Amino acid sequence: MVETDLIVDSKELRYKGIFRADELFRIINKSLEEKGYTKNEKRSEEVVTEEGKRVFLELRPKKEVGPGASLLIKMRITLDSLTEKIEIVSGQKRNVNQGDVLIVFDGWLETTYEERYHRAPIRFFIKGLIDKYVYPILPERKYKGQVRGDIHFIESEILKSLKVFRQGEEESKKTSEDVVKKEVEEEVVKTKWD
Amino acid sequence: MGESYLVVDNLKFAYEGLFNPEEIYSIITSLFYERGWIWYEKMNQEEVTPSGRQIRMILKPFLLATKYYQLGVQMRIHLINLKEVEVERDGKILRLHHGVLRITYSGEVISDRKGLWKKPLFWFLSIVFEKYFFSDRKEKYSVKVKETIDDLSTAIKNYLNTCKYTYNH
């Protein structure tokens with residue numbers, strides 16, 4: 001029997017705008033690998049509508065952290081109103097996706113301590129007392145911090161990659177504004193001469 | 001039959017839109033035939049309702065890897081509200097289907113497929129051998145089952161042109 005402890009409950013990451021779906025998945029894979037997780041896909045769904053695609057993906061990467069303890073991150077990725085378009089990002093024309101991104105993270109600590117030696121009531125009680133009042137010896141606290149840290153790391157990596165697109169979008173808007181300004185100035189000059 | 005080790009546990013895929021069910025069926029069958037798996041269709045049920053056709057299939061192809069090991073894949077395919085539609089593309093009229101496609105994959109490695117190691121002492125010995133002497137073989141076949149399911153799901157996703165999450169990035 002596995003004991004599960006929910007550490008991070010429905011932490012959401014929302015983004016609206018341009019991005020690249022394959023880039024997003026690459027970043028997720030890379031950051032999971034970096035943190036030593038085994039990748040595991042659980043569910044994928046796609047609905048094609050006139051407004052665009054709606055993609056739902058559920059990943060459950062897992063990591064062994066100690067004897068009988070493992071960390072599990074549940075990532076529910078929803079890409080809504082997903083369309084493809086060509087956009088200027090960092091001065092280059094790129095084929096990108098546009099839509100809403102919602103990633104929900106759940107962090108779990110899974111343990112199989114039930115039948116283990118140190119879980120006998122007396123030993124567990126004494127260990128608990130020592131852990132609380134003398135010195136922290138139970139590893140659960142460390143594991144909980146680790147899963148929180150891992151989720152934070154993945155989230156920040158994703159945000160970093162999405163920020164590139166957002167900046168690119170703003171830059172392209174700025175450049176288009178500059179072009180319009182120049183055109184207006186030229187027109188003004190022309191009308192003056194006329 | 002001996003022990004069954006679940007390798008892929010209910011991997012789910014769903015798609016709603018236009019597709020051709022015959023082509024999907026042929027993608028699945030050709031992949032297994034090419035790799036030498038034995039085809040076994042456990043259930044194929046079709047129901048015609050006012051909202052469209054409802055098709056339910058359970059496919060259980062298997063591979064006799066060695067005299068001791070057997071690999072198995074189970075696919076539960078559910079086609080919901082399947083309607084025939086005509087789509088015009090490049091001046092040609094294509095006959096496709098619109099509906100919901102749901103596939104659930106499971107994969108397993110079965111040891112002692114002939115049931116020759118059933119007696120208590122033999123069973124104990126087989127477990128010891130599997131765990132401590134020949135664990136690499138079980139691992140190898142588990143990877144093979146995972147690969148097969150991954151290839152199959154990628155082939156179906158490629159056909160449907162869905163947004164792909166791959167492990168190889």
# chains A, B, ... in the order shown; residues from 1 in each chain; ligands from 1
$ interface_residues --of "chain B" --to "chain A" --cutoff "6 Å" --atoms "only C-alpha atoms" --output "list in words"
Leu11, Lys12, Phe13, Ala14, Tyr15, Glu16, Gly17 and His169 of chain B
$ atom_distance --atom1 "CA of Asp5 in chain A" --atom2 "CA of Leu159 in chain A"
26.8 Å
$ closest_residue --among "B:Leu152, B:Arg113, B:Asn20, B:Leu63" --to "Glu84 in chain B" --atoms "only C-alpha atoms"
B:Asn20
$ residues_around --residues "Gly99 in chain B" --least-positions-apart "4" --cutoff "8 Å" --atoms "only C-alpha atoms" --output "ChimeraX atom specification"
/B:16-19,79-83
$ write_last_selection --atoms "N, CA and C atoms" --output "PDB file, in the first residue's frame"
ATOM      1  N   GLU B  16     -11.146  14.658 -31.029  1.00  0.00           N
ATOM      2  CA  GLU B  16     -12.472  14.946 -31.579  1.00  0.00           C
ATOM      3  C   GLU B  16     -12.296  15.770 -32.838  1.00  0.00           C
ATOM      4  N   GLY B  17     -12.862  15.322 -33.916  1.00  0.00           N
ATOM      5  CA  GLY B  17     -12.724  16.035 -35.180  1.00  0.00           C
ATOM      6  C   GLY B  17     -12.912  15.099 -36.352  1.00  0.00           C
ATOM      7  N   LEU B  18     -12.281  15.464 -37.474  1.00  0.00           N
ATOM      8  CA  LEU B  18     -12.416  14.663 -38.690  1.00  0.00           C
ATOM      9  C   LEU B  18     -11.340  13.596 -38.754  1.00  0.00           C
ATOM     10  N   PHE B  19     -11.701  12.415 -39.125  1.00  0.00           N
ATOM     11  CA  PHE B  19     -10.725  11.345 -39.343  1.00  0.00           C
ATOM     12  C   PHE B  19     -11.391  10.208 -40.120  1.00  0.00           C
ATOM     13  N   LEU B  79     -15.206   4.640 -30.425  1.00  0.00           N
ATOM     14  CA  LEU B  79     -15.567   5.703 -31.376  1.00  0.00           C
ATOM     15  C   LEU B  79     -16.988   6.146 -31.056  1.00  0.00           C
ATOM     16  N   ILE B  80     -17.134   7.427 -30.748  1.00  0.00           N
ATOM     17  CA  ILE B  80     -18.429   7.921 -30.264  1.00  0.00           C
ATOM     18  C   ILE B  80     -19.021   8.909 -31.269  1.00  0.00           C
ATOM     19  N   ASN B  81     -20.306   8.786 -31.488  1.00  0.00           N
ATOM     20  CA  ASN B  81     -21.075   9.683 -32.384  1.00  0.00           C
ATOM     21  C   ASN B  81     -20.398   9.872 -33.749  1.00  0.00           C
ATOM     22  N   LEU B  82     -20.104   8.779 -34.373  1.00  0.00           N
ATOM     23  CA  LEU B  82     -19.391   8.802 -35.657  1.00  0.00           C
ATOM     24  C   LEU B  82     -20.379   9.083 -36.794  1.00  0.00           C
ATOM     25  N   LYS B  83     -20.151  10.197 -37.480  1.00  0.00           N
ATOM     26  CA  LYS B  83     -21.037  10.571 -38.588  1.00  0.00           C
ATOM     27  C   LYS B  83     -20.228  10.747 -39.854  1.00  0.00           C
TER      28      LYS B  83
END
$ residues_around --residues "Val147 in chain A" --least-positions-apart "3" --cutoff "12 Å" --atoms "only C-alpha atoms" --output "PDB file with N, CA and C atoms, in the first residue's frame"
ATOM      1  N   ASP A   5       0.924  11.890  -0.049  1.00  0.00           N
ATOM      2  CA  ASP A   5       0.796  13.151   0.670  1.00  0.00           C
ATOM      3  C   ASP A   5       0.839  14.289  -0.355  1.00  0.00           C
ATOM      4  N   LEU A   6      -0.239  15.043  -0.415  1.00  0.00           N
ATOM      5  CA  LEU A   6      -0.302  16.138  -1.395  1.00  0.00           C
ATOM      6  C   LEU A   6       0.454  17.350  -0.854  1.00  0.00           C
ATOM      7  N   ILE A   7       1.507  17.733  -1.530  1.00  0.00           N
ATOM      8  CA  ILE A   7       2.356  18.831  -1.054  1.00  0.00           C
ATOM      9  C   ILE A   7       1.997  20.137  -1.764  1.00  0.00           C
ATOM     10  N   VAL A   8       1.911  20.060  -3.079  1.00  0.00           N
ATOM     11  CA  VAL A   8       1.547  21.253  -3.856  1.00  0.00           C
ATOM     12  C   VAL A   8       0.182  20.987  -4.476  1.00  0.00           C
ATOM     13  N   ASP A   9      -0.752  21.847  -4.198  1.00  0.00           N
ATOM     14  CA  ASP A   9      -2.126  21.598  -4.633  1.00  0.00           C
ATOM     15  C   ASP A   9      -2.558  22.615  -5.693  1.00  0.00           C
ATOM     16  N   LEU A  32      12.672  18.586 -16.496  1.00  0.00           N
ATOM     17  CA  LEU A  32      12.411  17.339 -15.759  1.00  0.00           C
ATOM     18  C   LEU A  32      13.654  16.460 -15.721  1.00  0.00           C
ATOM     19  N   LYS A  35      16.202  17.672 -13.264  1.00  0.00           N
ATOM     20  CA  LYS A  35      15.872  17.374 -11.866  1.00  0.00           C
ATOM     21  C   LYS A  35      15.799  15.869 -11.579  1.00  0.00           C
ATOM     22  N   GLY A  36      16.095  15.059 -12.597  1.00  0.00           N
ATOM     23  CA  GLY A  36      16.187  13.608 -12.399  1.00  0.00           C
ATOM     24  C   GLY A  36      14.869  12.862 -12.385  1.00  0.00           C
ATOM     25  N   TYR A  37      13.865  13.387 -13.061  1.00  0.00           N
ATOM     26  CA  TYR A  37      12.558  12.721 -13.098  1.00  0.00           C
ATOM     27  C   TYR A  37      12.461  11.770 -14.299  1.00  0.00           C
ATOM     28  N   PRO A  61       5.525  12.763 -14.193  1.00  0.00           N
ATOM     29  CA  PRO A  61       6.920  12.383 -13.960  1.00  0.00           C
ATOM     30  C   PRO A  61       7.160  11.970 -12.516  1.00  0.00           C
ATOM     31  N   LYS A  62       8.104  11.039 -12.350  1.00  0.00           N
ATOM     32  CA  LYS A  62       8.343  10.456 -11.025  1.00  0.00           C
ATOM     33  C   LYS A  62       9.835  10.408 -10.722  1.00  0.00           C
ATOM     34  N   LYS A  63      10.167  10.535  -9.436  1.00  0.00           N
ATOM     35  CA  LYS A  63      11.577  10.463  -9.036  1.00  0.00           C
ATOM     36  C   LYS A  63      11.705   9.722  -7.707  1.00  0.00           C
ATOM     37  N   GLU A  64      12.626   8.768  -7.683  1.00  0.00           N
ATOM     38  CA  GLU A  64      12.920   8.046  -6.430  1.00  0.00           C
ATOM     39  C   GLU A  64      13.846   8.932  -5.608  1.00  0.00           C
ATOM     40  N   VAL A  65      13.483   9.184  -4.355  1.00  0.00           N
ATOM     41  CA  VAL A  65      14.325  10.059  -3.542  1.00  0.00           C
ATOM     42  C   VAL A  65      14.979   9.348  -2.363  1.00  0.00           C
ATOM     43  N   ALA A  69      10.534   5.953  -0.832  1.00  0.00           N
ATOM     44  CA  ALA A  69       9.932   7.284  -1.012  1.00  0.00           C
ATOM     45  C   ALA A  69      10.179   7.786  -2.426  1.00  0.00           C
ATOM     46  N   SER A  70       9.155   8.331  -3.036  1.00  0.00           N
ATOM     47  CA  SER A  70       9.314   8.899  -4.378  1.00  0.00           C
ATOM     48  C   SER A  70       8.452  10.158  -4.510  1.00  0.00           C
ATOM     49  N   LEU A  71       8.905  11.038  -5.385  1.00  0.00           N
ATOM     50  CA  LEU A  71       8.170  12.281  -5.637  1.00  0.00           C
ATOM     51  C   LEU A  71       7.442  12.160  -6.964  1.00  0.00           C
ATOM     52  N   LEU A  72       6.235  12.641  -6.994  1.00  0.00           N
ATOM     53  CA  LEU A  72       5.446  12.577  -8.222  1.00  0.00           C
ATOM     54  C   LEU A  72       4.883  13.970  -8.520  1.00  0.00           C
ATOM     55  N   ILE A  73       5.114  14.426  -9.719  1.00  0.00           N
ATOM     56  CA  ILE A  73       4.535  15.713 -10.129  1.00  0.00           C
ATOM     57  C   ILE A  73       3.447  15.413 -11.159  1.00  0.00           C
ATOM     58  N   LYS A  74       2.293  15.952 -10.912  1.00  0.00           N
ATOM     59  CA  LYS A  74       1.194  15.774 -11.870  1.00  0.00           C
ATOM     60  C   LYS A  74       1.038  17.102 -12.603  1.00  0.00           C
ATOM     61  N   PHE A 105      -0.050  22.349 -11.672  1.00  0.00           N
ATOM     62  CA  PHE A 105       0.911  21.440 -11.048  1.00  0.00           C
ATOM     63  C   PHE A 105       0.353  20.886  -9.731  1.00  0.00           C
ATOM     64  N   ASP A 106       0.541  19.588  -9.546  1.00  0.00           N
ATOM     65  CA  ASP A 106       0.282  18.962  -8.247  1.00  0.00           C
ATOM     66  C   ASP A 106       1.557  18.241  -7.847  1.00  0.00           C
ATOM     67  N   GLY A 107       1.958  18.385  -6.612  1.00  0.00           N
ATOM     68  CA  GLY A 107       3.158  17.689  -6.153  1.00  0.00           C
ATOM     69  C   GLY A 107       2.819  16.688  -5.076  1.00  0.00           C
ATOM     70  N   TRP A 108       3.232  15.453  -5.243  1.00  0.00           N
ATOM     71  CA  TRP A 108       2.908  14.382  -4.301  1.00  0.00           C
ATOM     72  C   TRP A 108       4.175  13.744  -3.743  1.00  0.00           C
ATOM     73  N   LEU A 109       4.081  13.348  -2.491  1.00  0.00           N
ATOM     74  CA  LEU A 109       5.125  12.507  -1.912  1.00  0.00           C
ATOM     75  C   LEU A 109       4.503  11.134  -1.686  1.00  0.00           C
ATOM     76  N   GLU A 110       5.082  10.142  -2.340  1.00  0.00           N
ATOM     77  CA  GLU A 110       4.562   8.772  -2.205  1.00  0.00           C
ATOM     78  C   GLU A 110       5.541   7.951  -1.373  1.00  0.00           C
ATOM     79  N   GLU A 140      10.926  13.238   5.571  1.00  0.00           N
ATOM     80  CA  GLU A 140       9.759  13.722   4.830  1.00  0.00           C
ATOM     81  C   GLU A 140       9.804  15.229   4.573  1.00  0.00           C
ATOM     82  N   ARG A 141      10.279  15.970   5.588  1.00  0.00           N
ATOM     83  CA  ARG A 141      10.310  17.426   5.467  1.00  0.00           C
ATOM     84  C   ARG A 141      11.212  17.847   4.300  1.00  0.00           C
ATOM     85  N   LYS A 142      12.349  17.139   4.206  1.00  0.00           N
ATOM     86  CA  LYS A 142      13.305  17.420   3.138  1.00  0.00           C
ATOM     87  C   LYS A 142      12.670  17.116   1.761  1.00  0.00           C
ATOM     88  N   TYR A 143      11.970  15.974   1.699  1.00  0.00           N
ATOM     89  CA  TYR A 143      11.339  15.569   0.438  1.00  0.00           C
ATOM     90  C   TYR A 143      10.261  16.565   0.013  1.00  0.00           C
ATOM     91  N   LYS A 144       9.518  17.043   1.010  1.00  0.00           N
ATOM     92  CA  LYS A 144       8.447  18.002   0.701  1.00  0.00           C
ATOM     93  C   LYS A 144       9.028  19.276   0.113  1.00  0.00           C
ATOM     94  N   ASP A 150      11.311  21.657  -6.987  1.00  0.00           N
ATOM     95  CA  ASP A 150      11.316  21.146  -8.359  1.00  0.00           C
ATOM     96  C   ASP A 150      10.208  21.793  -9.188  1.00  0.00           C
ATOM     97  N   ILE A 151       9.027  21.896  -8.585  1.00  0.00           N
ATOM     98  CA  ILE A 151       7.893  22.503  -9.298  1.00  0.00           C
ATOM     99  C   ILE A 151       8.187  23.973  -9.597  1.00  0.00           C
ATOM    100  N   HIS A 152       8.770  24.633  -8.619  1.00  0.00           N
ATOM    101  CA  HIS A 152       9.116  26.041  -8.812  1.00  0.00           C
ATOM    102  C   HIS A 152      10.134  26.199  -9.948  1.00  0.00           C
ATOM    103  N   PHE A 153      11.094  25.281  -9.995  1.00  0.00           N
ATOM    104  CA  PHE A 153      12.127  25.321 -11.033  1.00  0.00           C
ATOM    105  C   PHE A 153      11.497  25.136 -12.427  1.00  0.00           C
ATOM    106  N   ILE A 154      10.634  24.113 -12.554  1.00  0.00           N
ATOM    107  CA  ILE A 154       9.990  23.833 -13.850  1.00  0.00           C
ATOM    108  C   ILE A 154       9.153  25.037 -14.284  1.00  0.00           C
TER     109      ILE A 154
END
$ atom_distance --atom1 "CA of Val87 in chain B" --atom2 "CA of Thr162 in chain B"
19.0 Å
$ residues_around --residues "range 31-47 of chain B" --least-positions-apart "5" --cutoff "7 Å" --atoms "only C-alpha atoms" --output "MDAnalysis selection string"
chainID B and resid 53:63
$ write_last_selection --atoms "N, CA and C atoms" --output "PDB file, in the first residue's frame"
ATOM      1  N   ARG B  53     -22.837   6.533 -35.161  1.00  0.00           N
ATOM      2  CA  ARG B  53     -22.431   5.160 -34.853  1.00  0.00           C
ATOM      3  C   ARG B  53     -21.556   5.133 -33.600  1.00  0.00           C
ATOM      4  N   GLN B  54     -21.741   4.110 -32.784  1.00  0.00           N
ATOM      5  CA  GLN B  54     -20.912   3.933 -31.595  1.00  0.00           C
ATOM      6  C   GLN B  54     -20.161   2.602 -31.785  1.00  0.00           C
ATOM      7  N   ILE B  55     -18.852   2.703 -31.856  1.00  0.00           N
ATOM      8  CA  ILE B  55     -18.057   1.487 -32.071  1.00  0.00           C
ATOM      9  C   ILE B  55     -17.152   1.258 -30.864  1.00  0.00           C
ATOM     10  N   ARG B  56     -17.110   0.036 -30.442  1.00  0.00           N
ATOM     11  CA  ARG B  56     -16.285  -0.328 -29.284  1.00  0.00           C
ATOM     12  C   ARG B  56     -15.420  -1.530 -29.676  1.00  0.00           C
ATOM     13  N   MET B  57     -14.135  -1.405 -29.467  1.00  0.00           N
ATOM     14  CA  MET B  57     -13.230  -2.491 -29.840  1.00  0.00           C
ATOM     15  C   MET B  57     -12.239  -2.758 -28.724  1.00  0.00           C
ATOM     16  N   ILE B  58     -11.941  -4.013 -28.511  1.00  0.00           N
ATOM     17  CA  ILE B  58     -10.838  -4.368 -27.608  1.00  0.00           C
ATOM     18  C   ILE B  58      -9.866  -5.222 -28.413  1.00  0.00           C
ATOM     19  N   LEU B  59      -8.666  -4.710 -28.599  1.00  0.00           N
ATOM     20  CA  LEU B  59      -7.646  -5.425 -29.356  1.00  0.00           C
ATOM     21  C   LEU B  59      -6.570  -5.899 -28.380  1.00  0.00           C
ATOM     22  N   LYS B  60      -6.191  -7.157 -28.516  1.00  0.00           N
ATOM     23  CA  LYS B  60      -5.163  -7.691 -27.605  1.00  0.00           C
ATOM     24  C   LYS B  60      -4.094  -8.450 -28.382  1.00  0.00           C
ATOM     25  N   PRO B  61      -3.310  -7.744 -29.194  1.00  0.00           N
ATOM     26  CA  PRO B  61      -2.222  -8.452 -29.883  1.00  0.00           C
ATOM     27  C   PRO B  61      -1.145  -8.883 -28.892  1.00  0.00           C
ATOM     28  N   PHE B  62      -0.455  -9.973 -29.206  1.00  0.00           N
ATOM     29  CA  PHE B  62       0.596 -10.443 -28.305  1.00  0.00           C
ATOM     30  C   PHE B  62       1.781 -10.988 -29.101  1.00  0.00           C
ATOM     31  N   LEU B  63       2.896 -11.069 -28.418  1.00  0.00           N
ATOM     32  CA  LEU B  63       4.123 -11.556 -29.051  1.00  0.00           C
ATOM     33  C   LEU B  63       4.740 -12.620 -28.165  1.00  0.00           C
TER      34      LEU B  63
END
$ atom_distance --atom1 "CA of Lys92 in chain B" --atom2 "CA of Gly52 in chain A"
23.6 Å
$ select_by_dssp --residues "range 15-141 of chain B" --states "strand (DSSP E or B)" --output "PyMOL selection string"
chain B and resi 15-19+38+41-49+52-59+62-64+70-89+92-110
$ closest_residue --among "B:Ile27, B:Ile110, B:Leu160, B:Ala155" --to "Tyr68 in chain B" --atoms "only C-alpha atoms"
B:Ile110
$ residues_around --residues "Glu12 in chain A" --least-positions-apart "4" --cutoff "7 Å" --atoms "only C-alpha atoms" --output "list in words"
Leu102, Ile103, Val104 and Phe105 of chain A
$ closest_residue --among "A:Thr112, A:Asp131, A:Phe124, A:Gly149" --to "Glu3 in chain A" --atoms "only C-alpha atoms"
A:Thr112
$ decode --residues "range 73-99 of chain B" --atoms "N, CA and C atoms" --output "PDB file, in the first residue's frame"
ATOM      1  N   VAL B  73      -0.213  -6.333 -25.517  1.00  0.00           N
ATOM      2  CA  VAL B  73      -0.711  -4.947 -25.550  1.00  0.00           C
ATOM      3  C   VAL B  73      -2.226  -5.016 -25.596  1.00  0.00           C
ATOM      4  N   GLN B  74      -2.849  -4.194 -24.803  1.00  0.00           N
ATOM      5  CA  GLN B  74      -4.312  -4.137 -24.862  1.00  0.00           C
ATOM      6  C   GLN B  74      -4.728  -2.733 -25.272  1.00  0.00           C
ATOM      7  N   MET B  75      -5.576  -2.669 -26.303  1.00  0.00           N
ATOM      8  CA  MET B  75      -6.079  -1.364 -26.758  1.00  0.00           C
ATOM      9  C   MET B  75      -7.587  -1.374 -26.687  1.00  0.00           C
ATOM     10  N   ARG B  76      -8.109  -0.428 -25.945  1.00  0.00           N
ATOM     11  CA  ARG B  76      -9.568  -0.274 -25.904  1.00  0.00           C
ATOM     12  C   ARG B  76      -9.922   0.944 -26.739  1.00  0.00           C
ATOM     13  N   ILE B  77     -10.570   0.718 -27.869  1.00  0.00           N
ATOM     14  CA  ILE B  77     -10.899   1.816 -28.788  1.00  0.00           C
ATOM     15  C   ILE B  77     -12.397   2.089 -28.715  1.00  0.00           C
ATOM     16  N   HIS B  78     -12.715   3.352 -28.576  1.00  0.00           N
ATOM     17  CA  HIS B  78     -14.120   3.736 -28.484  1.00  0.00           C
ATOM     18  C   HIS B  78     -14.361   4.891 -29.448  1.00  0.00           C
ATOM     19  N   LEU B  79     -15.206   4.640 -30.425  1.00  0.00           N
ATOM     20  CA  LEU B  79     -15.567   5.703 -31.376  1.00  0.00           C
ATOM     21  C   LEU B  79     -16.988   6.146 -31.056  1.00  0.00           C
ATOM     22  N   ILE B  80     -17.134   7.427 -30.748  1.00  0.00           N
ATOM     23  CA  ILE B  80     -18.429   7.921 -30.264  1.00  0.00           C
ATOM     24  C   ILE B  80     -19.021   8.909 -31.269  1.00  0.00           C
ATOM     25  N   ASN B  81     -20.306   8.786 -31.488  1.00  0.00           N
ATOM     26  CA  ASN B  81     -21.075   9.683 -32.384  1.00  0.00           C
ATOM     27  C   ASN B  81     -20.398   9.872 -33.749  1.00  0.00           C
ATOM     28  N   LEU B  82     -20.104   8.779 -34.373  1.00  0.00           N
ATOM     29  CA  LEU B  82     -19.391   8.802 -35.657  1.00  0.00           C
ATOM     30  C   LEU B  82     -20.379   9.083 -36.794  1.00  0.00           C
ATOM     31  N   LYS B  83     -20.151  10.197 -37.480  1.00  0.00           N
ATOM     32  CA  LYS B  83     -21.037  10.571 -38.588  1.00  0.00           C
ATOM     33  C   LYS B  83     -20.228  10.747 -39.854  1.00  0.00           C
ATOM     34  N   GLU B  84     -20.807  10.331 -40.975  1.00  0.00           N
ATOM     35  CA  GLU B  84     -20.104  10.492 -42.243  1.00  0.00           C
ATOM     36  C   GLU B  84     -20.312  11.913 -42.759  1.00  0.00           C
ATOM     37  N   VAL B  85     -19.217  12.570 -43.159  1.00  0.00           N
ATOM     38  CA  VAL B  85     -19.326  13.932 -43.687  1.00  0.00           C
ATOM     39  C   VAL B  85     -18.521  14.040 -44.991  1.00  0.00           C
ATOM     40  N   GLU B  86     -18.898  14.993 -45.803  1.00  0.00           N
ATOM     41  CA  GLU B  86     -18.157  15.220 -47.052  1.00  0.00           C
ATOM     42  C   GLU B  86     -17.390  16.523 -46.934  1.00  0.00           C
ATOM     43  N   VAL B  87     -16.110  16.464 -47.226  1.00  0.00           N
ATOM     44  CA  VAL B  87     -15.263  17.646 -47.106  1.00  0.00           C
ATOM     45  C   VAL B  87     -14.626  17.929 -48.460  1.00  0.00           C
ATOM     46  N   GLU B  88     -14.673  19.213 -48.866  1.00  0.00           N
ATOM     47  CA  GLU B  88     -14.064  19.569 -50.149  1.00  0.00           C
ATOM     48  C   GLU B  88     -12.644  20.066 -49.915  1.00  0.00           C
ATOM     49  N   ARG B  89     -11.692  19.443 -50.586  1.00  0.00           N
ATOM     50  CA  ARG B  89     -10.295  19.842 -50.443  1.00  0.00           C
ATOM     51  C   ARG B  89      -9.613  19.788 -51.803  1.00  0.00           C
ATOM     52  N   ASP B  90      -9.007  20.889 -52.201  1.00  0.00           N
ATOM     53  CA  ASP B  90      -8.350  21.024 -53.513  1.00  0.00           C
ATOM     54  C   ASP B  90      -9.304  20.623 -54.650  1.00  0.00           C
ATOM     55  N   GLY B  91     -10.565  21.014 -54.545  1.00  0.00           N
ATOM     56  CA  GLY B  91     -11.548  20.725 -55.589  1.00  0.00           C
ATOM     57  C   GLY B  91     -12.081  19.300 -55.571  1.00  0.00           C
ATOM     58  N   LYS B  92     -11.564  18.475 -54.663  1.00  0.00           N
ATOM     59  CA  LYS B  92     -12.033  17.088 -54.582  1.00  0.00           C
ATOM     60  C   LYS B  92     -12.897  16.902 -53.338  1.00  0.00           C
ATOM     61  N   ILE B  93     -13.877  16.029 -53.497  1.00  0.00           N
ATOM     62  CA  ILE B  93     -14.741  15.769 -52.338  1.00  0.00           C
ATOM     63  C   ILE B  93     -14.245  14.508 -51.626  1.00  0.00           C
ATOM     64  N   LEU B  94     -13.896  14.692 -50.346  1.00  0.00           N
ATOM     65  CA  LEU B  94     -13.408  13.563 -49.542  1.00  0.00           C
ATOM     66  C   LEU B  94     -14.504  13.109 -48.585  1.00  0.00           C
ATOM     67  N   ARG B  95     -14.617  11.805 -48.452  1.00  0.00           N
ATOM     68  CA  ARG B  95     -15.609  11.264 -47.516  1.00  0.00           C
ATOM     69  C   ARG B  95     -14.889  10.887 -46.237  1.00  0.00           C
ATOM     70  N   LEU B  96     -15.177  11.650 -45.195  1.00  0.00           N
ATOM     71  CA  LEU B  96     -14.526  11.397 -43.899  1.00  0.00           C
ATOM     72  C   LEU B  96     -15.576  11.172 -42.820  1.00  0.00           C
ATOM     73  N   HIS B  97     -15.102  10.953 -41.618  1.00  0.00           N
ATOM     74  CA  HIS B  97     -16.023  10.783 -40.497  1.00  0.00           C
ATOM     75  C   HIS B  97     -15.727  11.842 -39.440  1.00  0.00           C
ATOM     76  N   HIS B  98     -16.761  12.281 -38.768  1.00  0.00           N
ATOM     77  CA  HIS B  98     -16.581  13.209 -37.665  1.00  0.00           C
ATOM     78  C   HIS B  98     -17.078  12.534 -36.396  1.00  0.00           C
ATOM     79  N   GLY B  99     -16.286  12.640 -35.363  1.00  0.00           N
ATOM     80  CA  GLY B  99     -16.700  12.034 -34.099  1.00  0.00           C
ATOM     81  C   GLY B  99     -15.593  12.100 -33.070  1.00  0.00           C
TER      82      GLY B  99
END
